[in-house]
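Enquirer: Input file: my_file20.cif. Contents: mmCIF, C-alpha atoms and all ligand atoms.
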```cif
data_target
#
loop_
_atom_site.label_atom_id
_atom_site.label_comp_id
_atom_site.auth_asym_id
_atom_site.auth_seq_id
_atom_site.Cartn_x
_atom_site.Cartn_y
_atom_site.Cartn_z
CA MET A 1 68.58 -40.65 15.03
CA ASP A 2 70.18 -40.53 11.60
CA VAL A 3 67.39 -41.69 9.32
CA PHE A 4 69.61 -41.70 6.25
CA ALA A 5 72.08 -44.06 7.88
CA GLN A 6 69.25 -46.51 8.45
CA LEU A 7 68.20 -46.68 4.81
CA SER A 8 69.54 -49.75 3.14
CA SER A 9 71.41 -49.41 -0.13
CA GLY A 10 68.46 -50.96 -1.96
CA ASP A 11 66.08 -48.15 -1.02
CA ALA A 12 65.30 -45.88 -3.95
CA VAL A 13 66.33 -42.26 -3.54
CA LEU A 14 65.29 -39.19 -5.56
CA LYS A 15 66.77 -35.77 -4.89
CA ILE A 16 64.48 -32.87 -5.55
CA VAL A 17 64.22 -29.11 -5.38
CA ASP A 18 60.74 -27.66 -4.94
CA MET A 19 59.78 -24.22 -6.21
CA HIS A 20 56.57 -22.35 -6.87
CA THR A 21 55.52 -19.86 -9.53
CA CYS A 22 52.52 -17.78 -8.44
CA GLY A 23 51.66 -20.68 -6.14
CA GLU A 24 51.95 -23.47 -8.75
CA PRO A 25 54.52 -26.07 -7.67
CA THR A 26 57.46 -27.31 -9.71
CA ARG A 27 59.20 -30.35 -8.27
CA ILE A 28 62.56 -30.49 -10.04
CA VAL A 29 64.22 -33.90 -10.01
CA ILE A 30 67.97 -33.40 -9.81
CA GLN A 31 69.11 -36.93 -9.10
CA GLY A 32 67.78 -40.47 -9.17
CA PHE A 33 65.57 -40.53 -12.29
CA PRO A 34 66.81 -43.39 -14.52
CA SER A 35 68.42 -42.47 -17.84
CA LEU A 36 65.95 -42.60 -20.70
CA SER A 37 66.21 -44.47 -23.98
CA GLY A 38 65.49 -42.81 -27.32
CA VAL A 39 67.28 -40.26 -29.47
CA SER A 40 64.83 -37.39 -29.55
CA LEU A 41 63.34 -35.72 -26.49
CA LEU A 42 59.88 -36.84 -27.61
CA GLN A 43 61.18 -40.43 -27.74
CA LYS A 44 62.63 -40.00 -24.25
CA ARG A 45 59.23 -38.71 -23.14
CA ALA A 46 57.63 -41.85 -24.58
CA SER A 47 60.22 -44.00 -22.81
CA ALA A 48 59.57 -42.27 -19.46
CA LYS A 49 55.86 -42.92 -19.99
CA ALA A 50 56.32 -46.56 -20.92
CA HIS A 51 58.99 -47.60 -18.40
CA HIS A 52 59.07 -45.18 -15.49
CA ASP A 53 55.54 -44.07 -14.93
CA ASP A 54 55.69 -45.48 -11.40
CA ILE A 55 58.41 -42.94 -10.56
CA ARG A 56 56.31 -40.10 -11.98
CA GLN A 57 53.42 -41.25 -9.80
CA ARG A 58 55.70 -41.54 -6.76
CA LEU A 59 56.86 -37.96 -7.32
CA MET A 60 53.48 -36.44 -8.11
CA LEU A 61 50.85 -38.29 -6.10
CA GLU A 62 50.21 -38.92 -2.41
CA PRO A 63 51.80 -39.40 0.05
CA ARG A 64 54.72 -37.30 -1.30
CA GLY A 65 52.67 -35.08 -3.59
CA HIS A 66 49.02 -34.37 -4.26
CA HIS A 67 46.45 -34.20 -7.05
CA ASP A 68 47.69 -30.77 -8.24
CA MET A 69 51.46 -31.41 -8.14
CA TYR A 70 53.71 -30.62 -11.12
CA GLY A 71 57.23 -31.82 -11.93
CA ALA A 72 60.27 -31.31 -14.15
CA ILE A 73 62.86 -33.97 -14.96
CA LEU A 74 66.16 -32.68 -16.30
CA VAL A 75 67.57 -34.36 -19.42
CA SER A 76 71.19 -33.35 -19.85
CA GLU A 77 71.62 -34.27 -23.54
CA THR A 78 69.00 -34.03 -26.30
CA GLU A 79 69.08 -34.14 -30.09
CA GLU A 80 68.78 -30.33 -30.13
CA LYS A 81 72.44 -29.33 -30.26
CA GLU A 82 71.69 -25.66 -29.65
CA ALA A 83 70.02 -26.47 -26.31
CA ASP A 84 71.89 -26.05 -23.04
CA ILE A 85 69.71 -28.66 -21.35
CA GLY A 86 66.46 -30.58 -21.92
CA VAL A 87 63.46 -31.14 -19.69
CA LEU A 88 60.44 -33.39 -19.40
CA PHE A 89 57.40 -32.03 -17.61
CA CYS A 90 55.05 -34.25 -15.60
CA HIS A 91 51.75 -34.01 -13.71
CA ASN A 92 49.06 -36.17 -12.15
CA GLU A 93 48.23 -37.98 -15.39
CA GLY A 94 51.43 -38.23 -17.42
CA PHE A 95 54.05 -36.16 -19.22
CA SER A 96 53.21 -32.83 -20.84
CA THR A 97 54.88 -31.02 -23.72
CA MET A 98 55.29 -27.45 -22.45
CA CYS A 99 55.05 -25.67 -19.18
CA GLY A 100 55.58 -21.95 -18.70
CA HIS A 101 55.43 -21.79 -14.91
CA ALA A 102 58.01 -24.60 -14.62
CA THR A 103 60.22 -22.91 -17.24
CA ILE A 104 60.25 -19.76 -15.08
CA ALA A 105 61.20 -21.80 -12.00
CA LEU A 106 63.81 -23.84 -13.89
CA GLY A 107 65.39 -20.68 -15.26
CA ARG A 108 66.29 -19.60 -11.73
CA PHE A 109 67.38 -23.05 -10.59
CA LEU A 110 69.64 -23.64 -13.59
CA ILE A 111 71.45 -20.35 -12.96
CA ASP A 112 71.81 -21.11 -9.27
CA THR A 113 73.14 -24.63 -9.60
CA HIS A 114 76.83 -24.85 -10.27
CA ASP A 115 76.87 -28.64 -10.00
CA LEU A 116 77.98 -30.03 -13.36
CA ASN A 117 76.46 -33.42 -12.51
CA ILE A 118 73.07 -31.72 -12.55
CA PHE A 119 73.73 -29.29 -15.41
CA PRO A 120 76.73 -30.44 -17.46
CA ASN A 121 76.50 -27.53 -19.94
CA ARG A 122 76.25 -24.87 -17.23
CA ASP A 123 79.26 -23.07 -18.73
CA ARG A 124 77.43 -22.48 -22.01
CA VAL A 125 74.89 -20.16 -20.40
CA VAL A 126 75.64 -16.58 -21.41
CA PHE A 127 75.68 -13.85 -18.73
CA ASP A 128 75.25 -10.27 -19.94
CA PRO A 129 76.67 -7.93 -17.25
CA SER A 130 75.07 -4.81 -18.71
CA SER A 131 71.48 -6.09 -18.41
CA ARG A 132 72.36 -8.41 -15.53
CA THR A 133 70.58 -11.30 -17.19
CA SER A 134 71.60 -14.80 -18.26
CA LEU A 135 70.31 -16.46 -21.41
CA LEU A 136 69.50 -20.15 -21.37
CA LYS A 137 68.25 -22.39 -24.18
CA LEU A 138 65.89 -24.98 -22.79
CA HIS A 139 64.73 -27.90 -24.91
CA ALA A 140 61.14 -28.75 -23.96
CA PRO A 141 59.24 -31.53 -25.75
CA CYS A 142 57.47 -28.87 -27.87
CA GLY A 143 60.80 -27.34 -29.01
CA LEU A 144 63.47 -24.85 -28.09
CA VAL A 145 62.57 -22.16 -25.56
CA GLN A 146 64.80 -19.15 -24.81
CA VAL A 147 64.83 -18.20 -21.16
CA SER A 148 66.11 -14.89 -19.83
CA ILE A 149 66.99 -14.92 -16.13
CA PRO A 150 67.79 -11.85 -14.02
CA THR A 151 71.20 -12.59 -12.53
CA LEU A 152 73.34 -11.07 -9.80
CA PRO A 153 77.00 -10.81 -10.78
CA PRO A 154 79.53 -12.88 -8.85
CA SER A 155 80.80 -11.40 -5.61
CA GLN A 156 83.36 -12.45 -3.02
CA ASN A 157 80.80 -14.57 -1.22
CA PHE A 158 78.69 -15.89 -4.08
CA PRO A 159 79.10 -17.13 -7.64
CA LEU A 160 76.60 -15.95 -10.28
CA ARG A 161 73.09 -16.39 -8.94
CA SER A 162 69.55 -15.58 -10.00
CA ASP A 163 67.93 -12.37 -8.79
CA PRO A 164 64.50 -13.14 -7.31
CA SER A 165 63.47 -9.49 -7.32
CA ARG A 166 63.09 -9.32 -11.11
CA PRO A 167 60.89 -11.59 -13.28
CA VAL A 168 62.20 -14.44 -15.42
CA SER A 169 60.91 -14.40 -18.98
CA PHE A 170 60.83 -16.93 -21.81
CA GLU A 171 60.18 -16.84 -25.54
CA SER A 172 58.28 -19.92 -26.48
CA VAL A 173 57.83 -21.93 -29.65
CA PRO A 174 55.50 -20.42 -32.29
CA SER A 175 51.92 -20.27 -30.99
CA PHE A 176 48.88 -20.41 -33.26
CA VAL A 177 45.11 -20.59 -33.38
CA ALA A 178 43.73 -23.95 -34.47
CA VAL A 179 40.11 -22.83 -34.73
CA ARG A 180 38.11 -19.74 -33.78
CA ASP A 181 34.49 -19.54 -32.69
CA LEU A 182 33.80 -23.24 -32.96
CA VAL A 183 30.22 -23.92 -31.94
CA VAL A 184 30.09 -27.11 -29.94
CA THR A 185 26.76 -28.82 -29.53
CA LEU A 186 26.51 -30.15 -26.03
CA PRO A 187 25.71 -33.81 -25.58
CA ILE A 188 22.47 -33.87 -23.62
CA ASN A 189 23.09 -37.36 -22.33
CA ARG A 190 25.93 -36.20 -20.14
CA GLN A 191 24.18 -34.05 -17.58
CA TRP A 192 25.78 -30.76 -18.40
CA PRO A 193 25.73 -28.70 -15.26
CA GLN A 194 22.98 -26.18 -14.75
CA LEU A 195 25.49 -23.41 -15.25
CA ILE A 196 25.06 -23.84 -18.97
CA SER A 197 22.76 -20.90 -19.32
CA SER A 198 19.12 -20.98 -20.04
CA GLN A 199 18.00 -23.47 -22.65
CA ARG A 200 21.22 -23.29 -24.62
CA ASP A 201 22.59 -26.44 -26.07
CA THR A 202 25.73 -24.97 -27.64
CA VAL A 203 28.93 -23.38 -26.39
CA ARG A 204 31.36 -21.31 -28.49
CA ILE A 205 35.03 -22.17 -27.97
CA ASP A 206 38.43 -21.39 -29.49
CA ILE A 207 41.29 -23.88 -29.70
CA ALA A 208 44.85 -22.55 -29.70
CA TYR A 209 48.37 -23.93 -29.31
CA GLY A 210 51.11 -22.51 -27.08
CA GLY A 211 53.38 -25.56 -26.80
CA ALA A 212 50.29 -27.62 -25.94
CA PHE A 213 46.68 -27.37 -27.16
CA TYR A 214 44.15 -25.40 -25.13
CA ALA A 215 40.40 -25.11 -25.56
CA LEU A 216 39.41 -21.60 -24.47
CA VAL A 217 35.90 -20.79 -23.34
CA THR A 218 34.60 -17.62 -21.74
CA ALA A 219 32.89 -17.68 -18.39
CA GLN A 220 29.93 -15.95 -20.05
CA GLU A 221 29.55 -18.79 -22.58
CA LEU A 222 29.23 -21.11 -19.61
CA GLY A 223 26.52 -18.92 -18.15
CA PHE A 224 28.56 -16.94 -15.61
CA SER A 225 28.86 -13.21 -15.31
CA SER A 226 30.76 -12.77 -12.04
CA GLY A 227 32.13 -14.53 -8.97
CA LEU A 228 34.35 -16.85 -10.98
CA CYS A 229 36.62 -17.82 -8.14
CA SER A 230 34.25 -18.82 -5.38
CA PRO A 231 34.59 -22.45 -4.24
CA SER A 232 31.20 -23.39 -5.66
CA THR A 233 31.82 -21.86 -9.09
CA ILE A 234 35.24 -23.52 -9.26
CA ALA A 235 33.57 -26.87 -8.62
CA GLN A 236 31.08 -26.16 -11.42
CA PHE A 237 33.82 -25.10 -13.82
CA ASP A 238 35.74 -28.24 -12.93
CA HIS A 239 32.71 -30.30 -13.88
CA ALA A 240 31.97 -28.33 -17.06
CA THR A 241 35.58 -28.30 -18.31
CA ARG A 242 35.94 -32.04 -17.69
CA LEU A 243 32.89 -32.69 -19.87
CA LEU A 244 33.93 -30.17 -22.50
CA LYS A 245 37.42 -31.68 -22.78
CA MET A 246 36.00 -35.17 -23.13
CA HIS A 247 33.59 -33.92 -25.78
CA VAL A 248 36.31 -32.17 -27.83
CA GLN A 249 38.52 -35.27 -27.64
CA GLU A 250 35.74 -37.62 -28.69
CA THR A 251 34.05 -35.56 -31.40
CA SER A 252 35.80 -35.53 -34.75
CA GLU A 253 34.35 -32.08 -35.66
CA CYS A 254 36.39 -30.73 -32.72
CA SER A 255 39.36 -33.10 -32.47
CA ALA A 256 40.12 -32.54 -36.18
CA PHE A 257 41.54 -29.15 -35.18
CA VAL A 258 43.87 -30.54 -32.53
CA VAL A 259 46.69 -31.32 -34.95
CA HIS A 260 50.25 -30.09 -34.87
CA PRO A 261 51.73 -29.01 -38.23
CA THR A 262 54.86 -31.15 -37.92
CA GLU A 263 54.75 -33.43 -34.89
CA PRO A 264 51.92 -35.94 -34.31
CA ASP A 265 53.00 -36.48 -30.67
CA LEU A 266 52.13 -32.86 -29.90
CA GLY A 267 48.57 -33.21 -31.21
CA PHE A 268 46.45 -33.71 -28.09
CA LEU A 269 44.16 -31.50 -26.02
CA TYR A 270 45.94 -30.72 -22.75
CA SER A 271 43.50 -28.41 -21.07
CA VAL A 272 40.38 -26.27 -21.04
CA ILE A 273 40.79 -22.70 -19.74
CA VAL A 274 37.81 -20.66 -18.61
CA VAL A 275 38.72 -17.07 -19.44
CA ASP A 276 37.30 -13.78 -18.25
CA GLN A 277 38.18 -10.13 -18.74
CA LYS A 278 39.52 -8.49 -15.58
CA GLY A 279 40.30 -4.99 -16.85
CA PRO A 280 41.21 -3.33 -20.17
CA THR A 281 44.68 -4.91 -20.12
CA SER A 282 44.20 -7.86 -17.83
CA GLU A 283 42.46 -11.22 -17.87
CA LEU A 284 41.69 -14.06 -15.54
CA GLY A 285 41.97 -17.73 -16.48
CA LEU A 286 41.02 -20.91 -14.67
CA CYS A 287 43.11 -23.60 -16.30
CA PHE A 288 42.06 -27.21 -15.79
CA PHE A 289 44.70 -29.51 -17.26
CA ALA A 290 45.78 -33.16 -17.30
CA ASP A 291 43.41 -35.02 -14.95
CA GLN A 292 41.66 -31.78 -13.92
CA GLU A 293 44.56 -30.19 -12.07
CA LEU A 294 43.72 -26.55 -11.46
CA ASP A 295 46.73 -24.38 -12.28
CA ARG A 296 47.59 -22.00 -9.45
CA SER A 297 49.71 -19.99 -11.90
CA PRO A 298 48.34 -18.07 -14.89
CA THR A 299 49.59 -20.93 -17.16
CA GLY A 300 52.53 -19.77 -19.28
CA SER A 301 51.80 -22.01 -22.26
CA GLY A 302 48.11 -21.09 -22.01
CA VAL A 303 49.12 -17.41 -22.05
CA CYS A 304 51.00 -18.09 -25.33
CA ALA A 305 47.86 -19.67 -26.80
CA ARG A 306 45.69 -16.76 -25.58
CA VAL A 307 48.08 -14.11 -26.93
CA ALA A 308 48.02 -15.89 -30.32
CA LEU A 309 44.23 -15.78 -30.21
CA ALA A 310 44.15 -12.06 -29.29
CA ILE A 311 46.47 -11.29 -32.23
CA ALA A 312 44.41 -13.41 -34.63
CA LYS A 313 41.26 -11.58 -33.51
CA HIS A 314 43.00 -8.20 -34.03
CA GLU A 315 42.36 -7.35 -30.38
CA ARG A 316 46.04 -6.62 -29.83
CA ASP A 317 49.24 -5.73 -31.67
CA LEU A 318 52.79 -6.96 -31.41
CA PHE A 319 54.64 -5.66 -28.32
CA GLU A 320 51.45 -4.84 -26.39
CA ASN A 321 51.76 -6.21 -22.87
CA HIS A 322 48.80 -7.95 -21.29
CA GLU A 323 48.50 -9.18 -17.71
CA TYR A 324 47.23 -12.68 -16.92
CA HIS A 325 45.89 -13.74 -13.54
CA SER A 326 45.02 -17.11 -12.06
CA VAL A 327 42.73 -18.53 -9.42
CA VAL A 328 45.42 -17.65 -6.85
CA SER A 329 46.89 -14.38 -8.11
CA HIS A 330 43.38 -13.07 -8.70
CA LYS A 331 42.66 -13.32 -4.97
CA ALA A 332 45.86 -13.10 -3.06
CA GLY A 333 47.88 -10.71 -5.22
CA ALA A 334 50.41 -13.50 -5.62
CA GLY A 335 51.76 -12.15 -8.90
CA SER A 336 50.61 -12.45 -12.48
CA PHE A 337 52.24 -13.28 -15.82
CA VAL A 338 52.75 -10.72 -18.55
CA GLY A 339 52.29 -12.03 -22.09
CA THR A 340 53.51 -10.17 -25.20
CA ALA A 341 53.53 -11.16 -28.85
CA ILE A 342 56.98 -10.29 -30.19
CA GLU A 343 57.11 -11.63 -33.74
CA ARG A 344 54.83 -12.92 -36.49
CA THR A 345 55.87 -16.14 -38.17
CA THR A 346 54.43 -19.09 -40.07
CA LEU A 347 54.60 -22.84 -39.62
CA GLN A 348 54.75 -25.16 -42.62
CA GLY A 349 53.04 -28.50 -42.32
CA THR A 350 54.95 -31.69 -42.94
CA GLY A 351 53.86 -35.30 -43.50
CA ARG A 352 50.05 -35.47 -43.56
CA HIS A 353 49.93 -31.66 -43.42
CA PHE A 354 52.43 -31.01 -46.20
CA GLY A 355 51.41 -27.91 -48.17
CA ARG A 356 49.40 -26.36 -45.32
CA GLN A 357 50.56 -23.23 -43.58
CA TRP A 358 49.69 -21.86 -40.13
CA ASP A 359 50.02 -18.18 -39.15
CA ALA A 360 51.75 -18.05 -35.80
CA VAL A 361 53.31 -15.64 -33.30
CA LYS A 362 56.24 -15.89 -30.95
CA VAL A 363 55.20 -14.91 -27.45
CA ARG A 364 57.24 -13.72 -24.49
CA VAL A 365 55.91 -14.54 -21.01
CA SER A 366 57.32 -13.29 -17.72
CA GLY A 367 56.72 -14.09 -14.07
CA ASN A 368 58.39 -14.83 -10.73
CA ALA A 369 59.30 -18.11 -9.06
CA PHE A 370 60.64 -18.91 -5.60
CA TYR A 371 62.28 -21.86 -3.81
CA THR A 372 60.25 -23.75 -1.24
CA SER A 373 62.41 -26.75 -0.30
CA CYS A 374 65.27 -29.09 -1.18
CA SER A 375 64.83 -32.70 -0.13
CA THR A 376 65.56 -36.35 -0.63
CA MET A 377 62.67 -38.70 -1.26
CA VAL A 378 63.02 -42.31 -0.34
CA LEU A 379 61.13 -45.45 -1.11
CA GLU A 380 61.82 -48.17 1.44
CA ARG A 381 61.66 -51.80 0.46
CA GLY A 382 58.31 -53.31 1.24
CA ASP A 383 56.41 -50.02 0.93
CA SER A 384 54.11 -50.99 -1.90
CA LEU A 385 51.53 -48.27 -1.14
CA SER A 386 53.85 -45.37 -1.78
CA ALA A 387 55.88 -47.00 -4.56
CA SER A 388 53.65 -45.50 -7.21
CA GLY A 389 51.53 -43.24 -5.03
CA PHE A 390 47.78 -42.87 -4.95
CA THR A 391 45.06 -40.25 -5.28
CA LEU A 392 42.16 -40.00 -2.92
CA SER A 393 39.22 -38.81 -4.98
CA LEU A 394 36.32 -37.45 -3.08
CA PRO A 395 32.88 -37.78 -4.67
CA GLU A 396 31.52 -34.66 -6.37
CA ASN A 397 28.51 -33.09 -4.69
O1 LIG B 1 52.46 -22.62 -17.00
C1 LIG B 1 52.15 -23.57 -17.72
O2 LIG B 1 52.31 -23.56 -18.94
C2 LIG B 1 51.59 -24.80 -17.06
N1 LIG B 1 51.23 -24.74 -15.69
C3 LIG B 1 50.54 -26.00 -15.41
C4 LIG B 1 49.90 -26.35 -16.72
C5 LIG B 1 50.82 -25.81 -17.79
O3 LIG B 1 51.67 -26.82 -18.24
#
```
Can the structure from this file be put into structure tokens for me?
Ligand SMILES: O=C(O)[C@H]1NCC[C@@H]1O
Expert:
Amino acid sequence: MDVFAQLSSGDAVLKIVDMHTCGEPTRIVIQGFPSLSGVSLLQKRASAKAHHDDIRQRLMLEPRGHHDMYGAILVSETEEKEADIGVLFCHNEGFSTMCGHATIALGRFLIDTHDLNIFPNRDRVVFDPSSRTSLLKLHAPCGLVQVSIPTLPPSQNFPLRSDPSRPVSFESVPSFVAVRDLVVTLPINRQWPQLISSQRDTVRIDIAYGGAFYALVTAQELGFSSGLCSPSTIAQFDHATRLLKMHVQETSECSAFVVHPTEPDLGFLYSVIVVDQKGPTSELGLCFFADQELDRSPTGSGVCARVALAIAKHERDLFENHEYHSVVSHKAGAGSFVGTAIERTTLQGTGRHFGRQWDAVKVRVSGNAFYTSCSTMVLERGDSLSASGFTLSLPEN
């Protein structure tokens, strides 16, 4: 039976390519997302949010996706003339502003596609035969990101294509520390889990920006010394980070630090990462983001924020590599990210922040991504359940 022949012309169709980076999915929409109004990419992001959130939900949530799905929507033209292509990132709650794991996946896909309907500026991507890499300028909502993709030269059988055996790397927008060692007094009315260690009513956190804002808290601050990745501790961290995020968002002593120097739309707390030392040059991070998705990858934008923090604390110098592991790579050896500060810079505030200056660093992150499927999603007429998807939330124990 030819299912496609049976679909009527009114059925909505989205073409997608699925990839994963250290286990974290990226669902790349290559056809079928409506064109977005607005001049700037941030305006297009707002328009996607306001007018096409049902499509995001259809792509991310059940029955086509799941609570921890992640997506990328290609935007062929943006206001950033230097960019080869733009992208909007999406997840279970909305549209984010930066995503490292998806950037790594997109790097490979954008080299491999030679379809100008998908990537009209494909010819602008520069291939360097001596290093066998291609350089791509990707416009993410947080700004311009330079992506370097290992590439196999053209042969008789194949055009240029990405080389999965070497890692993709990207240089992100300037990353900075918003506040260090902020002592947060825990609200006792919110049943903080017992993991908050003995009789403490405060937790020390850092807040840093790596294309999105992250609150960083050590496992030790939350009362843990080992066994971070067992199912029961993950459930407790999920609970604790949900409460901590809510608290930072709602308390002006904390939320006052979540401001971007130039762009108000970038000033929101995206995630809380529980961090732990793994070895002298490696760390583990459990990143809970959006509506408590747990990142399977080591969180590229979170790595940028954490590298900025390590530099600010004088724990590391420029060009020192550090390895970052996730809930998955920690266990299964599924690959890690390497994060390296490559340049010091400053950001000058504008508007409300005119006259203020932030010390920042540019960070390079590298990791591997792989294809998992290429498919066509359909929405049949009359299928109201799957039109905007759903999430089945199970009660916490
Ligand atoms: O790698 C990253 O930056 C992301 N992964 C999911 C959450 C973040 O956006």
Enquirer: Can I get the residues close to ligand LIG 1 (chain B) as a short mmCIF file (atom, residue, chain, number, x, y, z; two decimals) with C-alpha atoms, in the frame of the given file, where close means within 10 Å and we count all atoms listed in the file?
Expert:
```
data_model
loop_
_atom_site.label_atom_id
_atom_site.label_comp_id
_atom_site.auth_asym_id
_atom_site.auth_seq_id
_atom_site.Cartn_x
_atom_site.Cartn_y
_atom_site.Cartn_z
CA THR A 21 55.52 -19.86 -9.53
CA CYS A 22 52.52 -17.78 -8.44
CA GLU A 24 51.95 -23.47 -8.75
CA PRO A 25 54.52 -26.07 -7.67
CA THR A 26 57.46 -27.31 -9.71
CA ASP A 68 47.69 -30.77 -8.24
CA MET A 69 51.46 -31.41 -8.14
CA TYR A 70 53.71 -30.62 -11.12
CA GLY A 71 57.23 -31.82 -11.93
CA PHE A 89 57.40 -32.03 -17.61
CA CYS A 90 55.05 -34.25 -15.60
CA HIS A 91 51.75 -34.01 -13.71
CA PHE A 95 54.05 -36.16 -19.22
CA SER A 96 53.21 -32.83 -20.84
CA THR A 97 54.88 -31.02 -23.72
CA MET A 98 55.29 -27.45 -22.45
CA CYS A 99 55.05 -25.67 -19.18
CA GLY A 100 55.58 -21.95 -18.70
CA HIS A 101 55.43 -21.79 -14.91
CA ALA A 102 58.01 -24.60 -14.62
CA THR A 103 60.22 -22.91 -17.24
CA ILE A 104 60.25 -19.76 -15.08
CA GLY A 210 51.11 -22.51 -27.08
CA GLY A 211 53.38 -25.56 -26.80
CA ALA A 212 50.29 -27.62 -25.94
CA TYR A 214 44.15 -25.40 -25.13
CA TYR A 270 45.94 -30.72 -22.75
CA SER A 271 43.50 -28.41 -21.07
CA CYS A 287 43.11 -23.60 -16.30
CA PHE A 288 42.06 -27.21 -15.79
CA PHE A 289 44.70 -29.51 -17.26
CA ALA A 290 45.78 -33.16 -17.30
CA GLU A 293 44.56 -30.19 -12.07
CA LEU A 294 43.72 -26.55 -11.46
CA ASP A 295 46.73 -24.38 -12.28
CA ARG A 296 47.59 -22.00 -9.45
CA SER A 297 49.71 -19.99 -11.90
CA PRO A 298 48.34 -18.07 -14.89
CA THR A 299 49.59 -20.93 -17.16
CA GLY A 300 52.53 -19.77 -19.28
CA SER A 301 51.80 -22.01 -22.26
CA GLY A 302 48.11 -21.09 -22.01
CA VAL A 303 49.12 -17.41 -22.05
CA CYS A 304 51.00 -18.09 -25.33
CA ALA A 305 47.86 -19.67 -26.80
CA PHE A 337 52.24 -13.28 -15.82
CA VAL A 365 55.91 -14.54 -21.01
CA GLY A 367 56.72 -14.09 -14.07
#
```
Enquirer: Which residue out of A:Thr233, A:Ser169, A:Thr78, A:Gln357 has the minimum interatomic distance to Asn121 of chain A when all atoms listed in the file are used?
Expert: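 Closest residue, counting all atoms listed in the file: A:Thr78.
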Enquirer: Using all atoms listed in the file, collect all residues at a distance of at most 12 Å from (64.5, -39.8, -28.8) as written in the file, then present them as a list in words.
Expert: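 Every residue inside that radius is included here: Ser35, Leu36, Ser37, Gly38, Val39, Ser40, Leu41, Leu42, Gln43, Lys44, Arg45, Ala46, Ser47, Ala48, Val75, Glu77, Thr78, Glu79, Glu80, Gly86 and Pro141 of chain A.
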Enquirer: Nearest to Glu171 of chain A: which of A:Lys362, A:Lys81, A:Arg124, A:Arg306 is it, counting only C-alpha atoms?
Expert: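 Of all the options, A:Lys362 lies closest to Glu171 of chain A.
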Enquirer: Distance atom CA of Asn368 of chain A-atom CA of Glu283 of chain A, one decimal place?
Expert: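 Going from atom CA of Asn368 of chain A over to atom CA of Glu283 of chain A, I get 17.8 Å.
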Enquirer: Measure the distance from atom CA of Pro164 of chain A to atom CA of Thr281 of chain A in Å and round it to one decimal.
Expert: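 For atom CA of Pro164 of chain A relative to atom CA of Thr281 of chain A, the distance reads 25.0 Å.
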Enquirer: Quick one: of A:Leu379, A:Val258, A:Val147, A:Val272, who's nearest to Ile205 of chain A, counting all atoms listed in the file?
Expert: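 Among the listed residues, the smallest separation from Ile205 of chain A belongs to A:Val272.
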Enquirer: Using all atoms listed in the file, which residue out of A:Ala105, A:Ile118, A:Val183, A:Cys254 lies closest to Ile85 of chain A?
Expert: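 Among the listed residues, the smallest separation from Ile85 of chain A belongs to A:Ile118.
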Enquirer: Mind pulling up the distance from atom CA of Leu110 of chain A to atom CA of Glu82 of chain A?
Expert: 16.3 Å
Enquirer: Please provide the set of residues having any atom within 12 Å of Asp317 of chain A, restricted to all atoms listed in the file, with same-chain residues fewer than 2 positions apart removed, written as a list in words.
Expert: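 Within the cut-off, the hits are Val307, Ala308, Leu309, Ala310, Ile311, Ala312, Lys313, His314, Glu315, Phe319, Glu320, Asn321, His322, Gly339, Thr340, Ala341, Ile342, Glu343, Arg344, Val361 and Val363 of chain A.
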Enquirer: I need the residue nearest Ser375 of chain A from this list: A:Leu138, A:Leu88, A:Val17, A:Ala12. Use all atoms listed in the file for the distance.
Expert: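 Closest candidate: A:Val17.
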Enquirer: Using all atoms listed in the file for the distances, tell me which of A:Val259, A:Leu116, A:Leu228, A:Ala240 is nearest to Leu284 of chain A.
Expert: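 Using all atoms listed in the file, the shortest distance to Leu284 of chain A belongs to A:Leu228.
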Enquirer: Which residues, written as a PDB file with C-alpha atoms, in the coordinates of the input, have at least one atom at most 8 Å from Ser388 of chain A, with only C-alpha atoms counted and residues fewer than 4 positions away on the same chain left out?
Expert:
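Result file follows (result-v2.pdb):
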```pdb
ATOM      1  CA  ASP A  54      55.690 -45.480 -11.400  1.00  0.00           C
ATOM      2  CA  ILE A  55      58.410 -42.940 -10.560  1.00  0.00           C
ATOM      3  CA  ARG A  56      56.310 -40.100 -11.980  1.00  0.00           C
ATOM      4  CA  GLN A  57      53.420 -41.250  -9.800  1.00  0.00           C
ATOM      5  CA  ARG A  58      55.700 -41.540  -6.760  1.00  0.00           C
ATOM      6  CA  LEU A  61      50.850 -38.290  -6.100  1.00  0.00           C
ATOM      7  CA  SER A 384      54.110 -50.990  -1.900  1.00  0.00           C
TER       8      SER A 384
END
```
Enquirer: Name the residues in contact with Ser148 of chain A at a cut-off of 7 Å, using only C-alpha atoms, excluding same-chain residues fewer than 4 positions from it; report them as a VMD selection string.
Expert: chain A and resid 133 to 136 168 to 170
Enquirer: Would you list the contacts of Val378 of chain A as a ChimeraX atom specification, taking every protein, DNA or RNA residue within 8 Å and counting only C-alpha atoms, but skipping same-chain residues closer than 4 positions in sequence?
Expert: /A:11-14
